[in-house]
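Asks: One file: my_file-v6.txt (compact mmCIF, C-alpha atoms).
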```txt
# COMPACT_ATOMS: atom_id res chain seq x y z
CA MET A 1 1.70 35.67 -19.97
CA GLN A 2 4.51 35.07 -17.48
CA GLN A 3 6.40 31.77 -17.42
CA LEU A 4 5.21 29.75 -14.42
CA ASP A 5 6.47 26.61 -12.78
CA LEU A 6 4.23 23.55 -12.61
CA HIS A 7 2.87 24.35 -9.15
CA CYS A 8 1.81 27.85 -10.17
CA GLN A 9 0.35 26.60 -13.43
CA MET A 10 -1.87 24.23 -11.45
CA ILE A 11 -3.10 27.12 -9.28
CA LEU A 12 -3.80 29.17 -12.40
CA GLU A 13 -5.71 26.26 -13.93
CA GLU A 14 -7.80 25.95 -10.77
CA TYR A 15 -8.56 29.65 -11.06
CA LEU A 16 -9.74 29.28 -14.65
CA GLN A 17 -12.02 26.41 -13.68
CA SER A 18 -13.43 28.41 -10.75
CA ARG A 19 -13.80 31.72 -12.53
CA SER A 20 -17.60 31.41 -12.75
CA SER A 21 -17.80 30.78 -8.99
CA PHE A 22 -15.87 33.97 -8.31
CA GLU A 23 -18.28 35.86 -10.57
CA ILE A 24 -21.19 34.54 -8.51
CA MET A 25 -19.38 35.59 -5.35
CA LYS A 26 -18.78 39.04 -6.80
CA ASN A 27 -22.49 39.55 -7.46
CA ILE A 28 -23.43 38.35 -3.97
CA VAL A 29 -20.85 40.54 -2.24
CA ARG A 30 -21.77 43.65 -4.22
CA ALA A 31 -25.49 43.16 -3.66
CA GLN A 32 -24.99 42.70 0.08
CA LEU A 33 -22.76 45.77 0.39
CA GLU A 34 -25.22 47.92 -1.54
CA LYS A 35 -28.10 46.63 0.58
CA CYS A 36 -26.41 47.26 3.91
CA VAL A 37 -25.44 50.79 2.88
CA HIS A 38 -28.97 51.55 1.70
CA ASP A 39 -30.77 49.92 4.63
CA ASN A 40 -28.68 51.82 7.16
CA GLY A 41 -29.11 55.21 5.54
CA LEU A 42 -25.43 55.58 4.66
CA TYR A 43 -24.13 57.42 1.61
CA VAL A 44 -20.89 56.31 0.03
CA THR A 45 -18.99 57.62 -2.95
CA ALA A 46 -18.42 54.18 -4.52
CA ILE A 47 -18.80 50.43 -4.13
CA GLU A 48 -16.43 48.54 -6.39
CA THR A 49 -16.00 44.82 -7.03
CA ARG A 50 -13.72 42.93 -9.37
CA VAL A 51 -12.42 39.44 -10.05
CA LYS A 52 -8.67 39.40 -10.65
CA ALA A 53 -7.83 38.99 -14.34
CA GLU A 54 -5.86 35.96 -15.52
CA ASP A 55 -2.74 37.93 -16.47
CA SER A 56 -2.81 39.77 -13.14
CA LEU A 57 -2.97 36.50 -11.21
CA ALA A 58 -0.20 35.04 -13.37
CA GLY A 59 2.01 38.01 -12.53
CA LYS A 60 1.29 37.58 -8.84
CA LEU A 61 2.13 33.86 -9.02
CA ALA A 62 5.34 34.56 -10.92
CA LEU A 63 6.49 36.87 -8.13
CA LYS A 64 5.43 34.93 -5.04
CA GLY A 65 3.64 31.76 -6.06
CA TYR A 66 5.80 29.87 -3.58
CA LYS A 67 3.69 31.32 -0.77
CA TYR A 68 0.50 29.55 -1.86
CA GLN A 69 -0.35 25.89 -1.56
CA SER A 70 -3.56 26.23 -3.55
CA LEU A 71 -5.96 28.82 -4.94
CA SER A 72 -7.74 28.92 -1.56
CA ASP A 73 -4.66 30.54 -0.02
CA ILE A 74 -4.99 33.60 -2.28
CA THR A 75 -7.42 35.98 -0.64
CA ASP A 76 -7.66 38.72 -3.27
CA ILE A 77 -8.96 36.84 -6.33
CA LEU A 78 -12.21 38.61 -5.54
CA GLY A 79 -11.81 42.13 -4.24
CA ALA A 80 -14.38 44.65 -3.10
CA ARG A 81 -13.92 48.24 -2.08
CA VAL A 82 -16.24 50.65 -0.30
CA ILE A 83 -15.24 54.31 -0.41
CA THR A 84 -16.91 56.60 2.12
CA PHE A 85 -16.87 60.34 2.64
CA TYR A 86 -16.13 60.29 6.37
CA THR A 87 -13.77 58.33 8.60
CA ASP A 88 -16.45 57.29 11.09
CA GLU A 89 -18.45 55.68 8.27
CA VAL A 90 -15.55 53.32 7.58
CA ASP A 91 -16.04 51.82 11.03
CA LYS A 92 -19.83 51.76 10.68
CA ILE A 93 -19.62 49.78 7.45
CA ALA A 94 -16.93 47.54 8.93
CA ALA A 95 -19.33 46.60 11.73
CA LEU A 96 -22.01 45.79 9.15
CA VAL A 97 -19.57 43.67 7.14
CA ASP A 98 -18.83 41.66 10.28
CA LYS A 99 -22.55 40.88 10.61
CA ILE A 100 -23.00 39.87 6.96
CA PHE A 101 -19.87 37.85 6.20
CA GLU A 102 -17.49 35.55 8.09
CA VAL A 103 -14.43 37.67 8.79
CA ASP A 104 -11.04 35.99 8.89
CA TRP A 105 -9.61 38.15 11.68
CA LYS A 106 -6.21 36.51 11.57
CA ASN A 107 -5.61 37.73 8.03
CA SER A 108 -7.54 40.99 8.21
CA VAL A 109 -5.57 44.16 8.88
CA ASP A 110 -6.27 47.76 9.81
CA LYS A 111 -3.63 49.75 7.93
CA ARG A 112 -4.74 52.88 9.75
CA LYS A 113 -3.18 51.57 12.98
CA MET A 114 0.10 50.46 11.46
CA LEU A 115 1.64 53.90 11.00
CA GLU A 116 3.82 55.44 13.69
CA LEU A 117 2.88 58.79 15.19
CA ASN A 118 5.36 60.57 12.92
CA GLN A 119 4.38 58.64 9.78
CA PHE A 120 1.80 59.36 7.09
CA GLY A 121 0.79 57.21 4.16
CA TYR A 122 -1.49 54.40 3.11
CA MET A 123 -4.55 54.08 5.34
CA SER A 124 -7.28 51.54 4.71
CA LEU A 125 -9.14 48.79 6.52
CA HIS A 126 -8.74 45.37 4.90
CA TYR A 127 -11.13 42.56 5.80
CA VAL A 128 -10.65 39.00 4.56
CA CYS A 129 -14.04 37.29 4.47
CA ARG A 130 -16.07 34.29 3.41
CA ILE A 131 -19.68 34.06 2.33
CA PRO A 132 -21.55 32.14 5.07
CA GLU A 133 -23.87 29.33 4.07
CA SER A 134 -26.70 31.13 5.82
CA LEU A 135 -26.36 33.87 3.22
CA TYR A 136 -25.87 31.69 0.12
CA HIS A 137 -25.34 27.98 -0.44
CA ASP A 138 -25.21 25.83 -3.56
CA GLU A 139 -24.45 22.15 -3.05
CA ALA A 140 -23.08 21.97 -6.59
CA HIS A 141 -20.58 24.76 -5.81
CA PRO A 142 -19.39 24.45 -2.19
CA GLU A 143 -16.28 26.45 -3.10
CA ILE A 144 -18.36 29.62 -3.00
CA ASN A 145 -18.43 29.27 0.79
CA GLN A 146 -14.79 28.23 0.98
CA TYR A 147 -12.92 30.78 -1.10
CA ARG A 148 -12.02 33.95 0.75
CA PHE A 149 -12.19 37.47 -0.63
CA GLU A 150 -11.01 40.93 0.44
CA ILE A 151 -13.01 44.03 1.26
CA GLN A 152 -11.16 47.36 1.46
CA LEU A 153 -12.82 50.16 3.39
CA ARG A 154 -11.44 53.68 3.09
CA THR A 155 -12.46 57.31 2.79
CA ALA A 156 -12.43 59.24 -0.48
CA LEU A 157 -9.28 61.11 0.56
CA GLN A 158 -7.57 57.89 1.62
CA HIS A 159 -8.50 56.53 -1.80
CA VAL A 160 -6.97 59.58 -3.47
CA TRP A 161 -3.71 58.89 -1.64
CA ALA A 162 -3.73 55.17 -2.44
CA THR A 163 -4.44 55.79 -6.12
CA MET A 164 -1.85 58.53 -6.41
CA ASN A 165 0.79 56.46 -4.63
CA HIS A 166 0.05 53.47 -6.83
CA ASP A 167 0.13 55.49 -10.05
CA ILE A 168 3.58 56.79 -9.25
CA GLY A 169 4.68 53.20 -9.66
CA TYR A 170 6.90 52.78 -6.61
CA LYS A 171 6.45 49.88 -4.23
CA SER A 172 8.89 51.02 -1.56
CA GLY A 173 9.81 54.37 -0.08
CA ILE A 174 13.47 53.43 -0.44
CA GLU A 175 13.15 53.69 -4.22
CA ILE A 176 11.94 57.29 -4.02
CA PRO A 177 14.49 60.12 -3.68
CA ARG A 178 14.34 61.63 -0.23
CA GLU A 179 12.98 65.02 -1.32
CA HIS A 180 10.10 63.37 -3.23
CA LEU A 181 9.35 61.02 -0.34
CA ARG A 182 9.11 63.99 2.01
CA ASN A 183 6.65 65.75 -0.31
CA LEU A 184 4.53 62.60 -0.56
CA ASN A 185 4.44 62.31 3.21
CA ARG A 186 3.41 65.96 3.50
CA ILE A 187 0.51 65.37 1.11
CA ALA A 188 -0.50 62.25 3.05
CA GLY A 189 -0.49 64.26 6.26
CA MET A 190 -2.62 67.00 4.69
CA LEU A 191 -5.18 64.47 3.46
CA GLU A 192 -5.31 62.79 6.87
CA LEU A 193 -5.87 66.16 8.54
CA ALA A 194 -8.58 67.04 6.00
CA ASP A 195 -10.32 63.71 6.71
CA GLU A 196 -10.34 64.47 10.44
CA GLN A 197 -11.61 68.03 9.90
CA PHE A 198 -14.44 66.97 7.59
CA SER A 199 -15.61 64.42 10.16
CA ARG A 200 -15.30 66.94 13.00
CA ILE A 201 -17.24 69.61 11.11
CA ARG A 202 -19.99 67.16 10.20
CA LYS A 203 -20.33 66.12 13.85
CA GLU A 204 -20.46 69.74 15.01
CA VAL A 205 -23.11 70.60 12.42
CA ALA A 206 -25.16 67.55 13.43
CA ASP A 207 -24.84 68.59 17.10
CA TYR A 208 -25.94 72.12 16.18
CA ARG A 209 -29.00 70.83 14.32
CA ARG A 210 -30.02 68.64 17.24
CA HIS A 211 -29.62 71.60 19.59
CA ILE A 212 -31.76 73.81 17.35
CA GLN A 213 -34.43 71.13 17.03
CA SER A 214 -34.51 70.81 20.82
CA LEU A 215 -34.90 74.58 21.29
CA VAL A 216 -37.67 74.72 18.69
CA ALA A 217 -39.48 71.74 20.21
CA ASP A 218 -39.34 73.44 23.63
CA GLY A 219 -40.61 76.74 22.21
CA ASN A 220 -37.44 78.71 22.99
CA PHE A 221 -37.79 80.67 19.75
CA ASP A 222 -35.91 83.79 20.81
CA ALA A 223 -32.79 81.68 21.39
CA VAL A 224 -32.87 80.26 17.86
CA PRO A 225 -31.20 82.24 15.05
CA LEU A 226 -33.15 82.29 11.79
CA ASP A 227 -31.45 80.11 9.19
CA GLY A 228 -32.33 77.26 6.85
CA ASP A 229 -32.14 74.54 9.49
CA SER A 230 -34.04 76.41 12.16
CA PHE A 231 -36.73 77.63 9.76
CA ARG A 232 -37.28 74.07 8.52
CA SER A 233 -37.65 72.85 12.11
CA TYR A 234 -40.05 75.70 12.85
CA LEU A 235 -42.22 74.92 9.82
CA ALA A 236 -42.42 71.30 10.98
CA LEU A 237 -44.54 72.64 13.88
CA ASN A 238 -47.06 73.90 11.30
CA PRO A 239 -47.25 77.36 12.96
CA PHE A 240 -49.57 78.88 10.33
CA LYS A 241 -52.13 76.06 10.40
CA LYS A 242 -54.67 77.89 12.54
CA LEU A 243 -54.54 81.05 10.43
CA ILE A 244 -54.79 79.32 7.05
CA GLU A 245 -57.70 77.16 8.24
CA LYS A 246 -59.49 80.32 9.34
CA ILE A 247 -58.80 81.90 5.95
CA ALA A 248 -60.05 78.78 4.17
CA THR A 249 -63.44 79.06 5.87
CA ILE A 250 -64.09 82.32 3.98
CA ASN A 251 -64.94 80.28 0.87
CA GLN A 252 -65.13 76.87 2.50
CA ALA A 253 -61.96 76.11 0.57
CA GLU A 254 -59.46 73.29 0.81
CA VAL A 255 -55.92 74.08 1.93
CA TYR A 256 -53.10 73.35 -0.50
CA GLU A 257 -49.81 72.77 1.37
CA ASP A 258 -47.12 74.51 -0.67
CA ASN A 259 -43.48 75.07 0.26
CA LEU A 260 -42.81 77.90 2.72
CA LEU A 261 -39.02 77.54 2.72
CA ARG A 262 -38.85 80.12 -0.09
CA TYR A 263 -39.94 82.73 2.48
CA LEU A 264 -36.64 82.43 4.35
CA ASP A 265 -34.91 85.04 2.18
CA VAL A 266 -37.93 87.33 2.47
CA LEU A 267 -38.00 87.14 6.26
CA GLN A 268 -34.26 87.71 6.54
CA GLN A 269 -34.54 90.67 4.18
CA MET A 270 -37.28 92.07 6.40
CA GLY A 271 -34.76 92.07 9.25
CA PHE A 272 -35.92 89.03 11.20
CA LYS A 273 -33.03 87.53 13.16
CA THR A 274 -34.61 84.76 15.25
CA LEU A 275 -37.60 82.45 15.21
CA GLY A 276 -38.94 84.60 18.01
CA ASP A 277 -39.33 87.45 15.49
CA ILE A 278 -41.52 85.20 13.32
CA GLU A 279 -43.56 84.12 16.34
CA ARG A 280 -44.25 87.77 17.22
CA LEU A 281 -45.24 88.41 13.60
CA ARG A 282 -47.63 85.47 13.72
CA LYS A 283 -49.24 86.50 17.02
CA GLU A 284 -49.44 90.25 16.43
CA CYS A 285 -50.49 90.31 12.77
CA SER A 286 -52.74 87.27 12.36
CA GLU A 287 -56.06 89.08 12.77
CA ARG A 288 -55.16 91.76 10.21
CA ALA A 289 -53.77 89.10 7.87
CA TYR A 290 -57.14 87.34 8.10
CA GLN A 291 -59.02 90.58 7.40
CA LEU A 292 -56.88 91.12 4.31
CA ALA A 293 -57.73 87.61 3.14
CA VAL A 294 -61.44 88.35 3.58
CA HIS A 295 -61.18 91.24 1.13
CA GLN A 296 -59.01 89.17 -1.21
CA LEU A 297 -61.30 86.12 -1.34
CA ALA A 298 -64.82 87.27 -0.47
CA ALA A 299 -65.66 88.30 -4.05
CA THR A 300 -64.19 85.12 -5.57
CA ASP A 301 -65.32 81.52 -5.81
CA LEU A 302 -61.89 80.01 -5.13
CA ASP A 303 -62.24 76.60 -3.49
CA ILE A 304 -58.51 75.98 -2.95
CA VAL A 305 -56.22 78.25 -0.96
CA ALA A 306 -52.46 77.83 -0.57
CA LEU A 307 -50.87 77.54 2.86
CA SER A 308 -48.47 80.33 1.86
CA VAL A 309 -51.35 82.83 1.76
CA ALA A 310 -51.21 82.97 5.56
CA LEU A 311 -47.51 83.86 5.71
CA GLN A 312 -47.73 86.14 2.68
CA ASN A 313 -50.48 88.21 4.25
CA LEU A 314 -48.61 88.34 7.56
CA CYS A 315 -45.60 89.78 5.73
CA ILE A 316 -47.76 92.32 3.85
CA ILE A 317 -49.32 93.58 7.07
CA TYR A 318 -45.92 93.81 8.76
CA ILE A 319 -44.35 95.76 5.88
CA LEU A 320 -47.16 98.30 5.83
CA GLN A 321 -47.11 98.62 9.63
CA GLN A 322 -43.41 99.41 9.38
CA ARG A 323 -44.15 102.18 6.89
CA GLY A 324 -42.59 100.25 4.04
CA GLY A 325 -45.36 101.38 1.71
CA VAL A 326 -45.58 100.46 -1.96
CA LEU A 327 -41.81 100.29 -2.36
CA GLY A 328 -41.54 97.84 0.53
CA LEU A 329 -44.25 95.65 -0.98
CA ARG A 330 -42.57 95.84 -4.40
CA LEU A 331 -39.29 94.60 -2.89
CA PHE A 332 -41.20 91.86 -1.05
CA PHE A 333 -42.89 90.61 -4.22
CA ASP A 334 -39.67 90.85 -6.24
CA THR A 335 -37.85 88.73 -3.67
CA LEU A 336 -40.66 86.22 -3.44
CA PHE A 337 -41.68 85.87 -7.08
CA GLY A 338 -38.69 87.24 -8.99
CA VAL A 339 -38.16 90.74 -10.35
CA SER A 340 -41.03 91.73 -12.63
CA GLU A 341 -42.83 94.90 -13.69
CA SER A 342 -46.11 93.26 -12.72
CA ASN A 343 -44.95 93.34 -9.08
CA ALA A 344 -45.20 97.13 -9.10
CA GLU A 345 -48.89 96.95 -10.03
CA ARG A 346 -49.46 94.19 -7.48
CA ALA A 347 -47.79 96.26 -4.75
CA GLU A 348 -49.91 99.34 -5.55
CA ARG A 349 -53.10 97.29 -5.67
CA THR A 350 -52.34 95.57 -2.36
CA ALA A 351 -51.42 98.80 -0.56
CA ALA A 352 -54.56 100.48 -1.85
CA ALA A 353 -56.76 97.62 -0.70
CA VAL A 354 -55.27 97.62 2.80
CA ASP A 355 -55.65 101.41 3.00
CA SER A 356 -59.22 101.53 1.70
CA PHE A 357 -60.43 98.90 4.13
CA ASN A 358 -58.47 100.50 7.01
CA ILE A 359 -56.87 97.16 7.89
CA VAL A 360 -53.59 98.64 9.16
```
Take the structure from the file and write it as structure tokens.
Replies:
Amino acid sequence: MQQLDLHCQMILEEYLQSRSSFEIMKNIVRAQLEKCVHDNGLYVTAIETRVKAEDSLAGKLALKGYKYQSLSDITDILGARVITFYTDEVDKIAALVDKIFEVDWKNSVDKRKMLELNQFGYMSLHYVCRIPESLYHDEAHPEINQYRFEIQLRTALQHVWATMNHDIGYKSGIEIPREHLRNLNRIAGMLELADEQFSRIRKEVADYRRHIQSLVADGNFDAVPLDGDSFRSYLALNPFKKLIEKIATINQAEVYEDNLLRYLDVLQQMGFKTLGDIERLRKECSERAYQLAVHQLAATDLDIVALSVALQNLCIIYILQQRGGVLGLRLFFDTLFGVSESNAERAERTAAAVDSFNIV
């Protein structure tokens, strides 16, 4: 424990007496941060809270205790940190923090705006806050609404830089040899650029998805390339509903809605490039796919039929129309169900059934 003068000892004693209040504050702040992140559909890499340890506060007082009149002047006894993945989420959470807590704007600082155009380094948003009485109030502990605390908001890459810079152990760039300082600045610049690129890419992907969803909703299927996002949007339209309901009437069966996303690889392997290709498959092969289902189900007493039967039969009809034969069906079943010797027998049986009933 560092040797402190009487003034600093009194501040430290106040801290020890108020330690339980800071613990209450910590729980309130953490709970509110977690709630606001969850309620607003945000995903962060970490939410951290801590109350400064006694020895840490003593060290701070030993260095600059002259700056503080009382414990209330020290704003980082309680500290919270929210680490996001993207730069724009820092500002989103900052806006939420402003709504939840009382922000001391005079003592808050945006480190991101303090660097010159040719400088790279520590970047973080620091808010100094209080817990408003509207959020929590205990007449026996009014200090909970009086003590201030700090919230740091930064991205994961900004956190990497801050942690790395801190671990090196230097407090000032002057103490670092010039060649090492230059390398540190280069790394900081790379991390800043990576942050910007990640955010830009996410925005562009989000814009692409919205564009695809708009095209799908408008029925412009030929303009939509077949990929995971577009296929998911297409399936949301339930395009095989009419066919599967017709198939279900064969045995007056119920329809079981299974996952059709696994057909994406199959359709791409079959050479489909756009959603328009799937639409043509659906329109041109539905009647034959239904006829195949009649021969598959008529002699059974199945009372549940999977939604995927509709798309599976459409693919079978298409493969045989394209002269894919038994080998084409074998590849189809291997892709869909996994490579297995039983798929060869299934392919031969299916091709024979389609041929004997003259469906194709």
Asks: Near region 15-31 of chain A, within 9 Å and counting all atoms listed in the file, which residues show up once chain neighbours fewer than 4 positions away are dropped, as a VMD selection string?
Replies: chain A and resid 10 to 11 35 to 36 47 to 51 54 57 71 77 to 80 101 131 135 to 136 141 143 to 145 147 149
Asks: From the set A:Asp110, A:Ala140, A:Arg130, A:Ile100, which residue has the shortest atom-to-atom contact distance to Gln152 (chain A), counting only C-alpha atoms?
Replies: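 Between A:Asp110, A:Ala140, A:Arg130, A:Ile100, the residue approaching Gln152 (chain A) most closely is A:Asp110.
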Asks: Between CA of Asn107 (chain A) and CA of Ala46 (chain A), what is the spacing in Å?
Replies: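 Interatomic distance here is 24.3 Å.
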Asks: Using only C-alpha atoms, find the one residue out of A:Leu327, A:Leu33, A:Ala95, A:Val128 that sits nearest to Thr75 (chain A).
Replies: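 Going through A:Leu327, A:Leu33, A:Ala95, A:Val128 one by one, the smallest distance to Thr75 (chain A) is for A:Val128.
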Asks: Enter the distance from CA of Ile151 (chain A) to CA of Glu139 (chain A), in Å, rounded to one decimal.
Replies: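 Interatomic distance here is 25.1 Å.
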Asks: Give me the residues near Tyr263 (chain A) as an NGL selection string, where near means some atom within 10 Å (using all atoms listed in the file) and where sequence neighbours in that chain fewer than 4 positions away do not count.
Replies: :A and (231 or 259 or 267-269 or 308 or 311-312 or 315 or 332 or 335-336)
Asks: Quick one, how far is CA of Glu34 (chain A) from CA of Ile83 (chain A)?
Replies: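 That distance, rounded to one decimal, is 11.9 Å.
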Asks: Which residue gives the smallest distance to Asp355 (chain A) among A:Ile317, A:Phe337, A:His126, A:Gln213, with only C-alpha atoms counted?
Replies: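 Ranking A:Ile317, A:Phe337, A:His126, A:Gln213 by distance to Asp355 (chain A), first place goes to A:Ile317.
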